[in-house]
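Colleague: entry.txt is the file, holding compact mmCIF, N, CA and C atoms and all ligand atoms:
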```txt
# COMPACT_ATOMS: atom_id res chain seq x y z
N MET I 254 122.30 128.85 115.76
CA MET I 254 122.42 128.80 114.31
C MET I 254 123.17 130.04 113.83
N SER I 255 124.24 129.87 113.11
CA SER I 255 125.04 131.01 112.66
C SER I 255 124.45 131.62 111.41
N PRO I 256 124.80 132.92 111.13
CA PRO I 256 124.27 133.57 109.93
C PRO I 256 124.65 132.82 108.67
N GLY I 257 123.74 132.71 107.77
CA GLY I 257 124.01 132.02 106.50
C GLY I 257 123.77 130.53 106.56
N GLN I 258 123.65 130.00 107.77
CA GLN I 258 123.41 128.57 107.90
C GLN I 258 121.92 128.31 107.71
N SER I 259 121.58 127.22 107.07
CA SER I 259 120.16 126.94 106.87
C SER I 259 119.87 125.49 107.23
N TYR I 260 118.62 125.26 107.53
CA TYR I 260 118.19 123.89 107.78
C TYR I 260 118.05 123.17 106.46
N GLY I 261 118.54 121.97 106.38
CA GLY I 261 118.39 121.20 105.16
C GLY I 261 117.00 120.65 105.05
N LEU I 262 116.64 120.17 103.87
CA LEU I 262 115.35 119.52 103.70
C LEU I 262 115.34 118.23 104.48
N GLN I 263 114.23 117.97 105.12
CA GLN I 263 114.13 116.77 105.94
C GLN I 263 113.07 115.87 105.33
N ALA I 264 113.38 114.61 105.20
CA ALA I 264 112.43 113.68 104.60
C ALA I 264 111.19 113.57 105.48
N PHE I 265 110.06 113.33 104.83
CA PHE I 265 108.79 113.22 105.55
C PHE I 265 108.87 112.14 106.63
N ASP I 266 109.46 111.01 106.31
CA ASP I 266 109.56 109.93 107.29
C ASP I 266 110.39 110.35 108.50
N ASP I 267 111.45 111.16 108.25
CA ASP I 267 112.26 111.64 109.36
C ASP I 267 111.47 112.57 110.26
N ARG I 268 110.65 113.43 109.63
CA ARG I 268 109.81 114.33 110.42
C ARG I 268 108.83 113.53 111.25
N MET I 269 108.23 112.53 110.64
CA MET I 269 107.22 111.74 111.35
C MET I 269 107.84 110.97 112.51
N SER I 270 109.14 110.70 112.44
CA SER I 270 109.78 109.95 113.52
C SER I 270 109.96 110.82 114.77
N THR I 271 109.68 112.12 114.68
CA THR I 271 109.83 113.00 115.84
C THR I 271 108.49 113.30 116.51
N VAL I 272 107.44 112.62 116.11
CA VAL I 272 106.15 112.84 116.76
C VAL I 272 105.54 111.50 117.20
N ASP I 273 104.77 111.58 118.26
CA ASP I 273 104.01 110.43 118.74
C ASP I 273 102.53 110.75 118.67
N PHE I 274 101.71 109.75 118.53
CA PHE I 274 100.26 109.95 118.49
C PHE I 274 99.61 109.03 119.52
N ASP I 275 98.85 109.63 120.40
CA ASP I 275 98.02 108.87 121.33
C ASP I 275 96.60 108.98 120.78
N VAL I 276 96.21 108.00 120.02
CA VAL I 276 94.99 108.11 119.21
C VAL I 276 93.74 107.97 120.08
N ALA I 277 92.88 108.97 119.97
CA ALA I 277 91.61 108.93 120.69
C ALA I 277 90.62 108.03 119.95
N GLU I 278 89.66 107.53 120.69
CA GLU I 278 88.64 106.68 120.08
C GLU I 278 87.74 107.50 119.14
N ARG I 279 87.42 108.70 119.57
CA ARG I 279 86.52 109.55 118.78
C ARG I 279 87.32 110.33 117.73
N PRO I 280 86.96 110.24 116.45
CA PRO I 280 87.63 111.08 115.44
C PRO I 280 87.39 112.55 115.73
N HIS I 281 88.45 113.33 115.83
CA HIS I 281 88.28 114.77 116.15
C HIS I 281 88.02 115.60 114.90
N ILE I 282 88.23 115.01 113.74
CA ILE I 282 87.89 115.66 112.47
C ILE I 282 87.08 114.66 111.66
N THR I 283 85.99 115.13 111.09
CA THR I 283 85.23 114.28 110.18
C THR I 283 84.97 115.02 108.88
N VAL I 284 84.79 114.27 107.83
CA VAL I 284 84.60 114.82 106.48
C VAL I 284 83.25 114.35 105.94
N ASP I 285 82.50 115.28 105.38
CA ASP I 285 81.21 114.95 104.78
C ASP I 285 81.41 114.71 103.27
N ASN I 286 81.44 113.47 102.89
CA ASN I 286 81.74 113.15 101.49
C ASN I 286 80.66 113.62 100.53
N ASP I 287 79.45 113.82 101.00
CA ASP I 287 78.42 114.37 100.12
C ASP I 287 78.81 115.77 99.64
N VAL I 288 79.45 116.53 100.51
CA VAL I 288 79.93 117.86 100.13
C VAL I 288 81.21 117.74 99.30
N CYS I 289 82.11 116.89 99.72
CA CYS I 289 83.41 116.77 99.05
C CYS I 289 83.28 116.33 97.59
N ARG I 290 82.28 115.55 97.29
CA ARG I 290 82.13 115.06 95.91
C ARG I 290 81.86 116.21 94.93
N SER I 291 81.38 117.32 95.43
CA SER I 291 81.15 118.46 94.53
C SER I 291 82.26 119.51 94.66
N CYS I 292 83.31 119.21 95.41
CA CYS I 292 84.42 120.15 95.60
C CYS I 292 85.35 120.09 94.39
N ARG I 293 85.64 121.25 93.82
CA ARG I 293 86.47 121.30 92.61
C ARG I 293 87.94 121.55 92.93
N THR I 294 88.24 122.04 94.12
CA THR I 294 89.64 122.42 94.40
C THR I 294 90.39 121.38 95.25
N THR I 295 89.68 120.64 96.06
CA THR I 295 90.28 119.66 97.00
C THR I 295 91.54 120.22 97.67
N ASP I 296 91.43 121.43 98.19
CA ASP I 296 92.59 122.07 98.81
C ASP I 296 93.14 121.27 99.98
N CYS I 297 92.29 120.55 100.67
CA CYS I 297 92.75 119.76 101.81
C CYS I 297 93.82 118.75 101.41
N VAL I 298 93.70 118.20 100.22
CA VAL I 298 94.64 117.18 99.75
C VAL I 298 96.05 117.77 99.66
N TYR I 299 96.15 119.02 99.21
CA TYR I 299 97.45 119.65 99.00
C TYR I 299 97.96 120.34 100.26
N ALA I 300 97.06 120.77 101.12
CA ALA I 300 97.46 121.60 102.25
C ALA I 300 97.81 120.81 103.50
N CYS I 301 97.26 119.65 103.68
CA CYS I 301 97.50 118.89 104.92
C CYS I 301 98.96 118.44 104.97
N PRO I 302 99.72 118.88 105.98
CA PRO I 302 101.14 118.50 106.05
C PRO I 302 101.35 117.03 106.34
N ALA I 303 100.33 116.38 106.87
CA ALA I 303 100.46 114.95 107.18
C ALA I 303 99.88 114.07 106.08
N LYS I 304 99.36 114.71 105.04
CA LYS I 304 98.84 113.99 103.86
C LYS I 304 97.74 112.99 104.25
N LEU I 305 96.79 113.48 105.02
CA LEU I 305 95.74 112.60 105.53
C LEU I 305 94.48 112.57 104.67
N PHE I 306 94.42 113.43 103.66
CA PHE I 306 93.25 113.47 102.78
C PHE I 306 93.63 112.85 101.44
N VAL I 307 92.91 111.83 101.05
CA VAL I 307 93.23 111.11 99.81
C VAL I 307 91.98 111.05 98.93
N PRO I 308 92.07 111.53 97.70
CA PRO I 308 90.91 111.48 96.80
C PRO I 308 90.55 110.02 96.48
N THR I 309 89.26 109.75 96.39
CA THR I 309 88.81 108.41 96.03
C THR I 309 88.27 108.42 94.59
N SER I 310 88.14 107.25 94.03
CA SER I 310 87.76 107.15 92.62
C SER I 310 86.34 107.65 92.36
N ASP I 311 85.51 107.70 93.41
CA ASP I 311 84.14 108.19 93.22
C ASP I 311 84.02 109.69 93.47
N GLY I 312 85.18 110.39 93.58
CA GLY I 312 85.16 111.83 93.74
C GLY I 312 85.09 112.28 95.19
N GLY I 313 85.12 111.35 96.11
CA GLY I 313 85.08 111.71 97.53
C GLY I 313 86.48 111.81 98.11
N ILE I 314 86.51 111.83 99.42
CA ILE I 314 87.78 111.97 100.15
C ILE I 314 87.86 110.88 101.21
N LEU I 315 88.98 110.20 101.23
CA LEU I 315 89.27 109.24 102.30
C LEU I 315 90.11 109.98 103.33
N PHE I 316 89.66 110.00 104.58
CA PHE I 316 90.37 110.76 105.62
C PHE I 316 90.63 109.87 106.82
N ASN I 317 91.86 109.97 107.36
CA ASN I 317 92.21 109.22 108.55
C ASN I 317 92.76 110.20 109.59
N TYR I 318 92.09 110.33 110.71
CA TYR I 318 92.46 111.34 111.71
C TYR I 318 93.64 110.94 112.58
N GLU I 319 94.09 109.70 112.49
CA GLU I 319 94.98 109.16 113.51
C GLU I 319 96.36 109.82 113.58
N GLN I 320 96.87 110.34 112.47
CA GLN I 320 98.20 110.96 112.51
C GLN I 320 98.11 112.46 112.23
N CYS I 321 97.10 113.06 112.79
CA CYS I 321 96.86 114.49 112.59
C CYS I 321 97.76 115.32 113.49
N PHE I 322 98.35 116.39 112.94
CA PHE I 322 99.21 117.31 113.71
C PHE I 322 98.41 118.37 114.45
N GLU I 323 97.09 118.41 114.23
CA GLU I 323 96.21 119.40 114.87
C GLU I 323 96.60 120.84 114.52
N CYS I 324 97.03 121.04 113.28
CA CYS I 324 97.47 122.38 112.86
C CYS I 324 96.31 123.27 112.43
N GLY I 325 95.18 122.68 112.06
CA GLY I 325 94.02 123.47 111.66
C GLY I 325 94.01 123.91 110.21
N THR I 326 95.04 123.57 109.46
CA THR I 326 95.13 124.03 108.07
C THR I 326 93.94 123.57 107.23
N CYS I 327 93.54 122.34 107.37
CA CYS I 327 92.43 121.82 106.57
C CYS I 327 91.17 122.65 106.80
N TYR I 328 90.93 123.01 108.04
CA TYR I 328 89.73 123.80 108.36
C TYR I 328 89.81 125.18 107.73
N GLN I 329 91.02 125.74 107.69
CA GLN I 329 91.20 127.07 107.12
C GLN I 329 91.02 127.07 105.60
N VAL I 330 91.49 126.04 104.93
CA VAL I 330 91.48 126.06 103.46
C VAL I 330 90.22 125.47 102.85
N CYS I 331 89.47 124.70 103.60
CA CYS I 331 88.32 124.01 103.04
C CYS I 331 87.27 125.01 102.55
N SER I 332 86.87 124.84 101.33
CA SER I 332 85.89 125.76 100.73
C SER I 332 84.48 125.16 100.73
N GLY I 333 84.34 123.92 101.14
CA GLY I 333 83.04 123.27 101.14
C GLY I 333 82.24 123.62 102.38
N GLU I 334 81.02 124.07 102.19
CA GLU I 334 80.22 124.49 103.34
C GLU I 334 79.92 123.30 104.25
N ASN I 335 80.37 123.41 105.48
CA ASN I 335 80.16 122.36 106.49
C ASN I 335 80.75 121.01 106.08
N ALA I 336 81.75 121.01 105.22
CA ALA I 336 82.35 119.74 104.80
C ALA I 336 83.20 119.14 105.91
N LEU I 337 83.84 120.02 106.67
CA LEU I 337 84.74 119.55 107.72
C LEU I 337 84.17 119.86 109.09
N SER I 338 84.19 118.89 109.96
CA SER I 338 83.90 119.13 111.37
C SER I 338 85.23 119.01 112.10
N TRP I 339 85.62 120.03 112.84
CA TRP I 339 86.97 120.09 113.42
C TRP I 339 86.92 120.41 114.91
N THR I 340 87.52 119.57 115.71
CA THR I 340 87.73 119.85 117.13
C THR I 340 89.11 119.32 117.50
N TYR I 341 89.60 119.68 118.67
CA TYR I 341 90.80 119.01 119.17
C TYR I 341 90.40 117.63 119.66
N PRO I 342 91.37 116.71 119.73
CA PRO I 342 91.07 115.38 120.25
C PRO I 342 90.64 115.45 121.72
N ASP I 343 89.94 114.43 122.15
CA ASP I 343 89.52 114.38 123.56
C ASP I 343 90.76 114.45 124.46
N GLY I 344 90.56 114.97 125.66
CA GLY I 344 91.64 115.30 126.58
C GLY I 344 92.72 114.24 126.71
N GLY I 345 93.97 114.68 126.61
CA GLY I 345 95.11 113.79 126.79
C GLY I 345 95.50 113.00 125.56
N HIS I 346 94.69 113.09 124.53
CA HIS I 346 95.00 112.34 123.31
C HIS I 346 95.53 113.28 122.22
N GLY I 347 96.00 112.66 121.16
CA GLY I 347 96.45 113.44 120.01
C GLY I 347 97.95 113.42 119.84
N VAL I 348 98.46 114.44 119.16
CA VAL I 348 99.86 114.47 118.79
C VAL I 348 100.74 114.95 119.96
N ALA I 349 101.96 114.41 120.00
CA ALA I 349 102.97 114.90 120.94
C ALA I 349 104.25 115.09 120.15
N PHE I 350 104.80 116.31 120.20
CA PHE I 350 106.02 116.62 119.43
C PHE I 350 107.25 116.41 120.31
N ARG I 351 108.24 115.74 119.74
CA ARG I 351 109.52 115.54 120.44
C ARG I 351 110.59 116.32 119.69
N LYS I 352 111.68 116.61 120.34
CA LYS I 352 112.80 117.24 119.64
C LYS I 352 113.40 116.21 118.69
N GLY I 353 113.64 116.62 117.47
CA GLY I 353 114.15 115.69 116.45
C GLY I 353 115.59 115.36 116.62
S1 LIG E 401 88.57 121.10 100.61
FE1 LIG E 401 86.84 120.62 101.99
S2 LIG E 401 85.09 120.24 100.60
FE2 LIG E 401 86.96 120.13 99.38
S3 LIG E 401 87.51 117.94 99.35
FE3 LIG E 401 88.61 118.89 101.06
S4 LIG E 401 87.31 118.61 102.87
FE4 LIG E 401 86.03 118.26 101.04
S1 LIG E 402 94.64 119.61 111.30
FE1 LIG E 402 96.49 119.72 109.97
S2 LIG E 402 97.44 117.69 110.09
FE2 LIG E 402 95.33 117.50 110.88
S3 LIG E 402 94.13 116.84 109.13
FE3 LIG E 402 93.99 119.09 109.21
S4 LIG E 402 95.66 119.85 107.91
FE4 LIG E 402 96.06 117.68 108.32
```
As C-alpha cells, what does this structure read like?
Ligand code: SF4
Ligand code: SF4
Modeller:
Amino acid sequence: MSPGQSYGLQAFDDRMSTVDFDVAERPHITVDNDVCRSCRTTDCVYACPAKLFVPTSDGGILFNYEQCFECGTCYQVCSGENALSWTYPDGGHGVAFRKG
C-alpha cells in the first residue's frame, strides 16, 4: 500500500462474503433476557460488528450466535451483570476468515 492510499469503505455484505461459519450445535454465547430487559444502554446492539443483537418489542434482546466473529466486543461492552455468557465455540467450529 503506497503512502496516501486508503482502503475504501466496504459494504457489509462484501465483508461477510469473506468469512465462513462452521456452526456448532452449542451456542457459545447466551443472553439472559431477564437482565437485558432492565438494560438502558443496549451497547451490544451498537457494538457488535456482525449485528447479532436485535432489540425486541418487550424490551429484551434477540441474539443469534451463528454468524459471530468471536471478537469479544459484546462481552467487553455489556454493562448488565451476568447478562452475557461468553465462550469460544466448541473445538473446530466457529468463524473462518478468508482473504477478501
Ligand atoms: S448490553 Fe448486555 S445487558 Fe444490555 S442488552 Fe446487551 S447483552 Fe443485555
Ligand atoms: S463476539 Fe463479536 S461478533 Fe460475536 S456476538 Fe459478540 S460482538 Fe458480535
Colleague: List as a PyMOL selection string the protein and nucleic acid residues lying within 5 Å of ligand LIG 401 (chain E), with all atoms listed in the file counted.
Modeller: chain I and resi 288-289+292+295-297+331-333
Colleague: Given the choices I:Val272, I:Phe316, I:Arg290, I:Cys327, which gets closest to I:Lys352 if the distance is worked out from all atoms listed in the file?
Modeller: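 That would be I:Val272, the residue with the smallest distance to I:Lys352.
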Colleague: What are the DSSP helix (DSSP H, G or I) residues of chain I, as a list in words?
Modeller: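 For chain I, the helix (DSSP H, G or I) set is Phe265, Asp266, Asp267, Arg268, Met269, Asn286, Asp287, Val288, Cys289, Asp296, Cys297, Val298, Tyr299, Ala300, Tyr318, Glu319, Gln320, Thr326, Cys327, Tyr328, Gln329 and Val330 of chain I.
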Colleague: At what distance in Å, to one decimal, does atom CA of I:Asn335 lie from atom CA of I:Glu278?
Modeller: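 Computed distance, atom CA of I:Glu278 to atom CA of I:Asn335, equals 22.4 Å.
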Colleague: Within 8 Å of ligand LIG 402 (chain E) (counting only C-alpha atoms and all ligand atoms), which residues show up? I'd like them as a list in words.
Modeller: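 Using only C-alpha atoms and all ligand atoms, I find these residues within 8 Å of ligand LIG 402 (chain E): Ile282, Cys297, Ala300, Cys301, Pro302, Ala303, Lys304, Leu305, Phe306, Phe316, Asn317, Tyr318, Gln320, Cys321, Phe322, Glu323, Cys324, Gly325, Thr326, Cys327, Tyr328 and Trp339 of chain I.
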Colleague: Considering only N, CA and C atoms, return as a PyMOL selection string whatever protein or nucleic-acid residues lie within 7 Å of I:His281, sequence-local ones (same chain, fewer than 6 positions apart) excluded.
Modeller: chain I and resi 318+338-343
Colleague: Hey, can you check how far atom CA of I:Phe265 sits from atom CA of I:His346?
Modeller: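 Atom-to-atom, atom CA of I:Phe265 to atom CA of I:His346, that is 22.5 Å.
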Colleague: Got a sec: who's within 6 Å of I:Phe274, counting only C-alpha atoms, leaving out chain neighbours fewer than 2 positions off, as a PyMOL selection string?
Modeller: chain I and resi 276+347-348
Colleague: Which residues, written as a list in words, have at least one atom at most 10 Å from I:Asp287, with only C-alpha atoms counted and residues fewer than 5 positions away on the same chain left out?
Modeller: Cys292, Gly312, Gly313, Ile314 and Ala336 of chain I
Colleague: Could you jot down the atom CA of I:Asp285 to atom CA of I:Val307 separation for me, Å, one decimal place?
Modeller: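 We find that atom CA of I:Asp285 and atom CA of I:Val307 lie 13.6 Å from each other.
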Colleague: To box stretch 270-289 of chain I, take all atoms listed in the file, fit an axis-aligned box, add 5 Å on each side, and give centre and edge lengths in Å to one decimal, as JSON.
Modeller:
```
{"center_x": 94.2, "center_y": 112.3, "center_z": 109.5, "size_x": 41.5, "size_y": 21.2, "size_z": 33.7}
```
Colleague: Using DSSP on the backbone coordinates, identify the residues of stretch 255-353 of chain I assigned to strand (DSSP E or B); present them as a ChimeraX atom specification.
Modeller: /I:272-275,282-284,306-308,314-316,337-339,347-350
